[in-house]
$ cat structure_1.csv   # CSV, C-alpha atoms
chain,number,residue,atom,x,y,z
H,1,MET,CA,98.9,29.4,21.6
H,2,ASN,CA,95.4,28.2,20.9
H,3,GLY,CA,92.0,28.8,22.5
H,4,ALA,CA,92.1,28.7,26.3
H,5,SER,CA,95.8,29.5,26.5
H,6,ARG,CA,95.4,32.6,24.4
H,7,GLU,CA,92.7,33.9,26.7
H,8,ALA,CA,94.7,33.0,29.8
H,9,LEU,CA,97.7,34.9,28.4
H,10,ALA,CA,95.6,37.9,27.6
H,11,ALA,CA,94.2,38.0,31.1
H,12,ALA,CA,97.7,37.6,32.6
H,13,ARG,CA,99.0,40.5,30.5
H,14,GLU,CA,96.2,42.7,31.7
H,15,ARG,CA,97.0,41.8,35.3
H,16,LEU,CA,100.7,42.6,34.7
H,17,ASP,CA,99.8,46.0,33.1
H,18,ALA,CA,97.6,46.8,36.1
H,19,LEU,CA,100.4,45.8,38.5
H,20,THR,CA,103.2,47.7,36.8
H,21,ASP,CA,101.0,50.8,36.5
H,22,SER,CA,101.4,51.1,40.2
H,23,THR,CA,104.5,53.0,41.4
H,24,SER,CA,104.8,50.7,44.3
H,25,VAL,CA,105.7,47.7,42.0
H,26,ASP,CA,109.3,47.3,40.9
H,27,ALA,CA,108.8,46.0,37.3
H,28,GLY,CA,112.5,44.9,37.1
H,29,SER,CA,112.4,42.9,40.3
H,30,LEU,CA,109.1,41.3,39.1
H,31,ALA,CA,110.7,40.3,35.9
H,32,GLU,CA,113.5,38.5,37.7
H,33,GLU,CA,110.9,36.6,39.9
H,34,LEU,CA,108.8,35.6,36.8
H,35,ALA,CA,112.0,34.4,35.0
H,36,ALA,CA,112.9,32.3,38.0
H,37,VAL,CA,109.4,30.7,38.0
H,38,THR,CA,109.8,30.1,34.3
H,39,ALA,CA,113.0,28.2,34.8
H,40,LEU,CA,111.6,26.2,37.6
H,41,LEU,CA,108.5,25.1,35.7
H,42,HIS,CA,110.5,24.4,32.6
H,43,ARG,CA,112.8,22.1,34.6
H,44,GLU,CA,110.1,20.5,36.8
H,45,VAL,CA,107.8,18.9,34.2
H,46,SER,CA,105.6,17.0,36.8
H,47,LEU,CA,104.9,20.2,38.7
H,48,ARG,CA,104.0,22.0,35.5
H,49,ARG,CA,101.6,19.3,34.6
H,50,VAL,CA,99.9,19.4,38.0
H,51,LEU,CA,99.5,23.2,37.9
H,52,THR,CA,97.9,23.0,34.4
H,53,ASP,CA,95.8,19.8,34.9
H,54,PRO,CA,92.4,20.6,33.6
H,55,ALA,CA,90.8,18.0,35.8
H,56,GLN,CA,91.8,20.0,38.9
H,57,ALA,CA,89.9,23.0,40.2
H,58,GLY,CA,91.6,26.3,39.4
H,59,GLU,CA,91.4,27.4,43.1
H,60,ALA,CA,93.1,24.3,44.3
H,61,LYS,CA,95.9,24.8,41.8
H,62,ALA,CA,96.3,28.4,42.9
H,63,GLU,CA,96.5,27.4,46.5
H,64,LEU,CA,99.2,24.8,45.6
H,65,ALA,CA,101.2,27.5,43.8
H,66,GLN,CA,100.9,29.8,46.8
H,67,ARG,CA,102.1,27.0,49.2
H,68,LEU,CA,105.1,26.0,47.0
H,69,LEU,CA,106.2,29.5,45.8
H,70,GLY,CA,104.7,32.0,48.2
H,71,SER,CA,107.7,32.0,50.5
H,72,GLN,CA,110.1,32.5,47.7
H,73,LEU,CA,108.3,35.3,45.8
H,74,SER,CA,107.1,38.7,46.6
H,75,GLY,CA,103.3,39.0,47.2
H,76,THR,CA,102.9,40.6,43.9
H,77,ALA,CA,104.7,37.9,41.9
H,78,ALA,CA,103.0,35.1,43.9
H,79,ASP,CA,99.5,36.5,43.3
H,80,LEU,CA,100.3,36.9,39.6
H,81,VAL,CA,101.5,33.3,39.2
H,82,SER,CA,98.6,32.0,41.3
H,83,GLY,CA,96.2,33.8,39.0
H,84,MET,CA,97.9,32.3,36.0
H,85,VAL,CA,97.6,28.7,37.3
H,86,ARG,CA,94.0,29.4,38.2
H,87,SER,CA,93.3,29.9,34.4
H,88,ARG,CA,92.9,27.1,31.9
H,89,TRP,CA,95.8,26.2,29.6
H,90,SER,CA,95.5,24.2,26.4
H,91,GLN,CA,99.0,22.7,27.0
H,92,SER,CA,101.2,22.6,30.1
H,93,ARG,CA,104.0,24.2,28.1
H,94,ASP,CA,101.9,27.2,27.3
H,95,LEU,CA,102.0,28.3,31.0
H,96,VAL,CA,105.8,28.4,30.9
H,97,ASP,CA,105.8,30.3,27.6
H,98,ALA,CA,103.4,32.8,29.1
H,99,LEU,CA,105.5,33.3,32.2
H,100,GLU,CA,108.5,33.9,30.1
H,101,GLU,CA,106.7,36.5,28.0
H,102,LEU,CA,105.5,38.3,31.1
H,103,ALA,CA,109.0,38.3,32.5
H,104,ASP,CA,110.2,39.9,29.2
H,105,LEU,CA,107.3,42.4,29.3
H,106,ALA,CA,108.0,43.4,32.9
H,107,ASP,CA,111.7,44.1,32.0
H,108,LEU,CA,110.6,46.1,29.0
H,109,THR,CA,108.1,48.0,31.2
H,110,ALA,CA,110.9,48.8,33.6
H,111,ALA,CA,112.9,50.2,30.7
H,112,GLN,CA,109.9,52.2,29.5
H,113,GLN,CA,109.5,53.7,33.0
H,114,ALA,CA,113.1,54.7,32.9
H,115,GLY,CA,112.7,56.3,29.5
H,116,ALA,CA,115.0,53.8,27.9
H,117,LEU,CA,112.6,51.7,25.9
H,118,ASP,CA,113.6,53.3,22.5
H,119,GLY,CA,117.3,52.5,23.2
H,120,VAL,CA,116.6,48.9,24.3
H,121,GLU,CA,114.5,48.3,21.2
H,122,ASP,CA,117.3,49.6,18.9
H,123,GLU,CA,119.9,47.6,20.8
H,124,LEU,CA,118.0,44.4,20.4
H,125,PHE,CA,117.7,45.0,16.7
H,126,ARG,CA,121.4,45.9,16.3
H,127,PHE,CA,122.5,42.9,18.3
H,128,GLY,CA,120.3,40.7,16.0
H,129,ARG,CA,122.0,42.1,13.0
H,130,ILE,CA,125.5,41.4,14.5
H,131,VAL,CA,124.5,37.8,15.3
H,132,SER,CA,123.2,37.2,11.8
H,133,SER,CA,126.4,38.6,10.3
H,134,SER,CA,128.8,36.6,12.5
H,135,ASN,CA,128.7,32.8,12.2
H,136,GLU,CA,131.5,32.6,14.8
H,137,LEU,CA,129.5,34.6,17.4
H,138,ARG,CA,126.3,32.7,16.7
H,139,ALA,CA,128.2,29.4,17.2
H,140,ALA,CA,129.6,30.6,20.5
H,141,LEU,CA,126.3,31.7,21.8
H,142,THR,CA,124.4,28.6,20.8
H,143,ASP,CA,127.1,26.0,21.6
H,144,ARG,CA,125.4,23.4,23.8
H,145,LYS,CA,128.7,22.3,25.3
H,146,ALA,CA,129.4,25.9,26.6
H,147,THR,CA,128.4,26.5,30.2
H,148,THR,CA,125.8,29.1,31.2
H,149,SER,CA,128.5,31.2,33.0
H,150,ALA,CA,130.7,31.2,29.9
H,151,LYS,CA,127.9,32.5,27.7
H,152,SER,CA,127.0,35.1,30.3
H,153,GLU,CA,130.5,36.3,30.5
H,154,LEU,CA,130.8,36.5,26.7
H,155,LEU,CA,127.6,38.5,26.5
H,156,HIS,CA,128.8,40.8,29.3
H,157,SER,CA,132.0,41.4,27.5
H,158,LEU,CA,130.0,42.4,24.4
H,159,LEU,CA,127.2,44.3,26.0
H,160,GLY,CA,128.3,45.4,29.5
H,161,GLY,CA,128.7,49.1,29.6
H,162,ARG,CA,127.8,49.4,25.9
H,163,ALA,CA,124.1,48.5,26.1
H,164,HIS,CA,121.3,49.2,28.6
H,165,ALA,CA,121.1,46.8,31.5
H,166,THR,CA,117.7,45.6,30.3
H,167,THR,CA,119.1,44.7,26.9
H,168,GLU,CA,121.9,42.7,28.5
H,169,ARG,CA,119.4,40.9,30.8
H,170,LEU,CA,117.0,40.0,28.1
H,171,VAL,CA,119.6,38.7,25.7
H,172,THR,CA,121.4,36.8,28.5
H,173,ARG,CA,118.1,35.1,29.5
H,174,LEU,CA,117.5,34.2,25.8
H,175,VAL,CA,121.0,32.8,25.3
H,176,THR,CA,121.3,30.9,28.5
H,177,ALA,CA,117.7,29.5,28.5
H,178,PRO,CA,116.6,29.3,24.9
H,179,ARG,CA,113.9,26.6,25.6
H,180,GLY,CA,114.0,25.3,22.1
H,181,ARG,CA,114.0,28.7,20.3
H,182,SER,CA,116.6,29.7,17.8
H,183,LEU,CA,118.6,32.8,18.8
H,184,GLU,CA,117.3,34.7,15.8
H,185,SER,CA,113.6,34.0,16.5
H,186,GLY,CA,114.1,34.8,20.2
H,187,LEU,CA,115.6,38.2,19.3
H,188,GLU,CA,112.8,38.9,16.8
H,189,SER,CA,110.2,38.1,19.5
H,190,LEU,CA,111.9,40.4,22.0
H,191,SER,CA,111.9,43.2,19.4
H,192,LYS,CA,108.2,42.7,18.6
H,193,LEU,CA,107.4,42.8,22.4
H,194,ALA,CA,109.3,46.1,22.7
H,195,ALA,CA,107.5,47.6,19.8
H,196,GLU,CA,104.1,46.4,21.0
H,197,ARG,CA,104.9,47.9,24.4
H,198,ARG,CA,104.8,51.2,22.6
H,199,ASP,CA,101.8,50.1,20.5
H,200,ARG,CA,103.8,50.2,17.4
H,201,MET,CA,104.5,47.7,14.6
H,202,VAL,CA,108.1,47.0,13.5
H,203,ALA,CA,109.2,47.6,10.0
H,204,VAL,CA,112.7,46.4,9.0
H,205,VAL,CA,113.9,48.7,6.3
H,206,THR,CA,117.0,47.7,4.3
H,207,SER,CA,118.4,50.3,1.9
H,208,ALA,CA,121.6,50.7,-0.1
H,209,VAL,CA,122.6,53.9,1.7
H,210,PRO,CA,121.4,55.5,5.0
H,211,LEU,CA,118.1,57.2,4.8
H,212,SER,CA,117.8,60.9,5.6
H,213,ASP,CA,115.7,62.2,8.5
H,214,VAL,CA,113.1,63.4,6.0
H,215,GLN,CA,113.0,60.0,4.2
H,216,LYS,CA,112.5,58.3,7.6
H,217,GLN,CA,109.7,60.5,8.6
H,218,ARG,CA,107.9,60.1,5.2
H,219,LEU,CA,108.4,56.4,5.2
H,220,GLY,CA,107.2,56.0,8.8
H,221,ALA,CA,104.1,58.2,8.1
H,222,GLY,CA,103.3,56.3,4.9
H,223,LEU,CA,103.6,52.9,6.6
H,224,ALA,CA,101.5,54.1,9.6
H,225,LYS,CA,98.8,55.2,7.2
H,226,LEU,CA,99.0,51.9,5.3
H,227,TYR,CA,98.8,49.6,8.4
H,228,GLY,CA,96.7,51.9,10.7
H,229,ARG,CA,99.2,51.7,13.5
H,230,ARG,CA,102.2,53.6,14.7
H,231,MET,CA,105.3,52.2,13.1
H,232,HIS,CA,108.9,51.8,14.4
H,233,LEU,CA,111.6,51.6,11.8
H,234,ASN,CA,114.5,49.3,12.3
H,235,LEU,CA,117.0,50.5,9.7
H,236,ALA,CA,119.7,48.5,8.1
H,237,VAL,CA,122.1,49.3,5.3
H,238,ASP,CA,123.0,46.7,2.6
H,239,PRO,CA,125.1,47.8,-0.4
H,240,GLU,CA,123.7,44.9,-2.4
H,241,VAL,CA,120.3,46.6,-2.4
H,242,ILE,CA,121.2,48.4,-5.6
H,243,GLY,CA,118.5,51.1,-5.3
H,244,GLY,CA,115.4,51.9,-3.5
H,245,MET,CA,114.7,49.9,-0.4
H,246,ARG,CA,113.2,46.7,1.0
H,247,VAL,CA,110.6,46.9,3.8
H,248,GLN,CA,109.4,43.9,5.9
H,249,VAL,CA,106.5,44.2,8.3
H,250,GLY,CA,105.9,41.0,10.1
H,251,ASP,CA,105.6,38.3,7.4
H,252,GLU,CA,104.8,40.8,4.6
H,253,VAL,CA,107.6,42.1,2.4
H,254,ILE,CA,107.3,45.2,0.3
H,255,ASN,CA,109.9,45.1,-2.4
H,256,GLY,CA,111.0,48.4,-3.8
H,257,SER,CA,114.6,47.8,-4.6
H,258,ILE,CA,116.2,47.6,-8.1
H,259,ALA,CA,117.9,44.3,-7.1
H,260,ASP,CA,114.5,42.8,-6.3
H,261,ARG,CA,113.1,44.0,-9.6
H,262,LEU,CA,116.0,42.6,-11.6
H,263,GLU,CA,115.6,39.3,-9.8
H,264,ASP,CA,111.9,39.3,-10.6
H,265,ALA,CA,112.6,40.1,-14.3
H,266,SER,CA,115.2,37.3,-14.4
H,267,ARG,CA,112.6,34.8,-13.1
H,268,ARG,CA,110.1,35.9,-15.7
H,269,LEU,CA,112.6,35.5,-18.5
H,270,ALA,CA,113.6,32.1,-17.4
H,271,SER,CA,110.0,30.8,-17.1
$ encode --input "structure_1.csv" --output "structure tokens"
Amino acid sequence: MNGASREALAAARERLDALTDSTSVDAGSLAEELAAVTALLHREVSLRRVLTDPAQAGEAKAELAQRLLGSQLSGTAADLVSGMVRSRWSQSRDLVDALEELADLADLTAAQQAGALDGVEDELFRFGRIVSSSNELRAALTDRKATTSAKSELLHSLLGGRAHATTERLVTRLVTAPRGRSLESGLESLSKLAAERRDRMVAVVTSAVPLSDVQKQRLGAGLAKLYGRRMHLNLAVDPEVIGGMRVQVGDEVINGSIADRLEDASRRLAS
């Protein structure tokens, strides 16, 4: 997002935080309502354009949203959506993207309130690894010919009873309504939101053998000192990493494996 949309999203996230800090607000129910509005505005392009038209006064757009959606949403959700359409958006699609992000954040907040955020974050990461290692599963989950119910049933068979309900809900929404995103990028975004919810960055650590608890603590402390933020480690084991480890934080890769060094040496010899 650029300019006005970034500011509008930041303001909406602050309002969401203020709402979900209240014990009277059910964050999980709020997530479902925001997801429903996301689906509606994604589908109804003309309505989305009206609600983000910069030529219209913000208050007029907020009143329109209240008239159209107020009877279908709780007062909390209706007020939040009205506040969002009152803001200025650089592109109409940005409003839908922001609503989707808030729905995901509300679900993650519900998990945090239930003391389950750590588990949800780990489950999202592990599911992403499973998808990346199974072309058959990825094909089934991204098949455009498959119905929404078929994909939901498949995910329930994989995650139901094995993962937290929040994890299943987030993944199901992503798979059944990808909105142009790849499955991998969507799962990565969800993992980042979960980490951000705990004010921590995510480091994907790949090593040839599992790390000991002491190694994990030392690595986490070192990365936290390096980046100036608390760090959550998503751990993966890959025997092809001959020694050491490979650490990725966002777009930055810290190569510390023997395999990486050998590959680098080979490139230098060939040049």
$ closest_residue --input "structure_1.csv" --among "H:Glu101, H:Ala10, H:Leu183, H:Phe125" --to "H:Leu141" --atoms "only C-alpha atoms"
H:Leu183
$ closest_residue --input "structure_1.csv" --among "H:Ala165, H:Leu211, H:Ala77, H:Val96" --to "H:Arg43" --atoms "all atoms listed in the file"
H:Val96
$ residues_around --input "structure_1.csv" --residues "H:Ala150" --least-positions-apart "3" --cutoff "10 Å" --atoms "all atoms listed in the file" --output "PDB file with C-alpha atoms, keeping the file's coordinate frame"
ATOM      1  CA  ALA H 140     129.600  30.600  20.500  1.00  0.00           C
ATOM      2  CA  LEU H 141     126.300  31.700  21.800  1.00  0.00           C
ATOM      3  CA  ALA H 146     129.400  25.900  26.600  1.00  0.00           C
ATOM      4  CA  THR H 147     128.400  26.500  30.200  1.00  0.00           C
ATOM      5  CA  GLU H 153     130.500  36.300  30.500  1.00  0.00           C
ATOM      6  CA  LEU H 154     130.800  36.500  26.700  1.00  0.00           C
ATOM      7  CA  LEU H 155     127.600  38.500  26.500  1.00  0.00           C
ATOM      8  CA  HIS H 156     128.800  40.800  29.300  1.00  0.00           C
ATOM      9  CA  THR H 176     121.300  30.900  28.500  1.00  0.00           C
TER      10      THR H 176
END
$ closest_residue --input "structure_1.csv" --among "H:Ser207, H:Ser71, H:Ser29, H:Ser92" --to "H:Arg169" --atoms "only C-alpha atoms"
H:Ser29
$ residues_around --input "structure_1.csv" --residues "H:Asp143" --least-positions-apart "5" --cutoff "12 Å" --atoms "all atoms listed in the file" --output "list of chain:residue names"
H:Asn135, H:Glu136, H:Leu137, H:Arg138, H:Thr148, H:Ala150, H:Lys151, H:Val175, H:Thr176, H:Pro178, H:Ser182, H:Leu183
$ closest_residue --input "structure_1.csv" --among "H:Leu187, H:Val81, H:Ile254, H:Val50" --to "H:Asp122" --atoms "all atoms listed in the file"
H:Leu187
$ closest_residue --input "structure_1.csv" --among "H:Gly186, H:Gly161, H:Gly28, H:Gly119" --to "H:Asp97" --atoms "all atoms listed in the file"
H:Gly186
$ atom_distance --input "structure_1.csv" --atom1 "atom CA of H:Lys216" --atom2 "atom CA of H:Glu184"
25.4 Å
$ atom_distance --input "structure_1.csv" --atom1 "atom CA of H:Ser5" --atom2 "atom CA of H:Ser87"
8.3 Å
$ atom_distance --input "structure_1.csv" --atom1 "atom CA of H:Glu63" --atom2 "atom CA of H:Arg86"
8.9 Å
$ residues_around --input "structure_1.csv" --residues "H:Arg93" --least-positions-apart "5" --cutoff "9 Å" --atoms "all atoms listed in the file" --output "JSON, numbers by chain"
{"H": [41, 42, 45, 48, 49, 52, 98]}
$ residues_around --input "structure_1.csv" --residues "H:Gln72" --least-positions-apart "6" --cutoff "10 Å" --atoms "only C-alpha atoms" --output "list in words"
Glu33, Val37, Gln66 and Ala78 of chain H
$ write_last_selection --input "structure_1.csv" --atoms "C-alpha atoms" --output "PDB file, keeping the file's coordinate frame"
ATOM      1  CA  GLU H  33     110.900  36.600  39.900  1.00  0.00           C
ATOM      2  CA  VAL H  37     109.400  30.700  38.000  1.00  0.00           C
ATOM      3  CA  GLN H  66     100.900  29.800  46.800  1.00  0.00           C
ATOM      4  CA  ALA H  78     103.000  35.100  43.900  1.00  0.00           C
TER       5      ALA H  78
END
$ residues_near_point --input "structure_1.csv" --point "(108.1, 43.6, 39.8)" --cutoff "12 Å" --atoms "only C-alpha atoms" --output "number ranges by chain"
H: 16-35, 73-80, 102-110
$ closest_residue --input "structure_1.csv" --among "H:Leu193, H:Val202, H:Leu233, H:Ile130" --to "H:Gln215" --atoms "only C-alpha atoms"
H:Leu233
$ residues_near_point --input "structure_1.csv" --point "(115.4, 43.4, 19.8)" --cutoff "9 Å" --atoms "all atoms listed in the file" --output "list in words"
Val120, Glu121, Asp122, Glu123, Leu124, Phe125, Arg126, Phe127, Gly128, Thr167, Val171, Gly186, Leu187, Glu188, Ser189, Leu190, Ser191, Lys192, Leu193, Ala194 and Ala195 of chain H
$ residues_around --input "structure_1.csv" --residues "H:Arg230" --least-positions-apart "6" --cutoff "10 Å" --atoms "all atoms listed in the file" --output "list in words"
Ala195, Glu196, Arg198, Asp199, Arg200, Met201, Val202, Gly220, Ala221, Leu223 and Ala224 of chain H
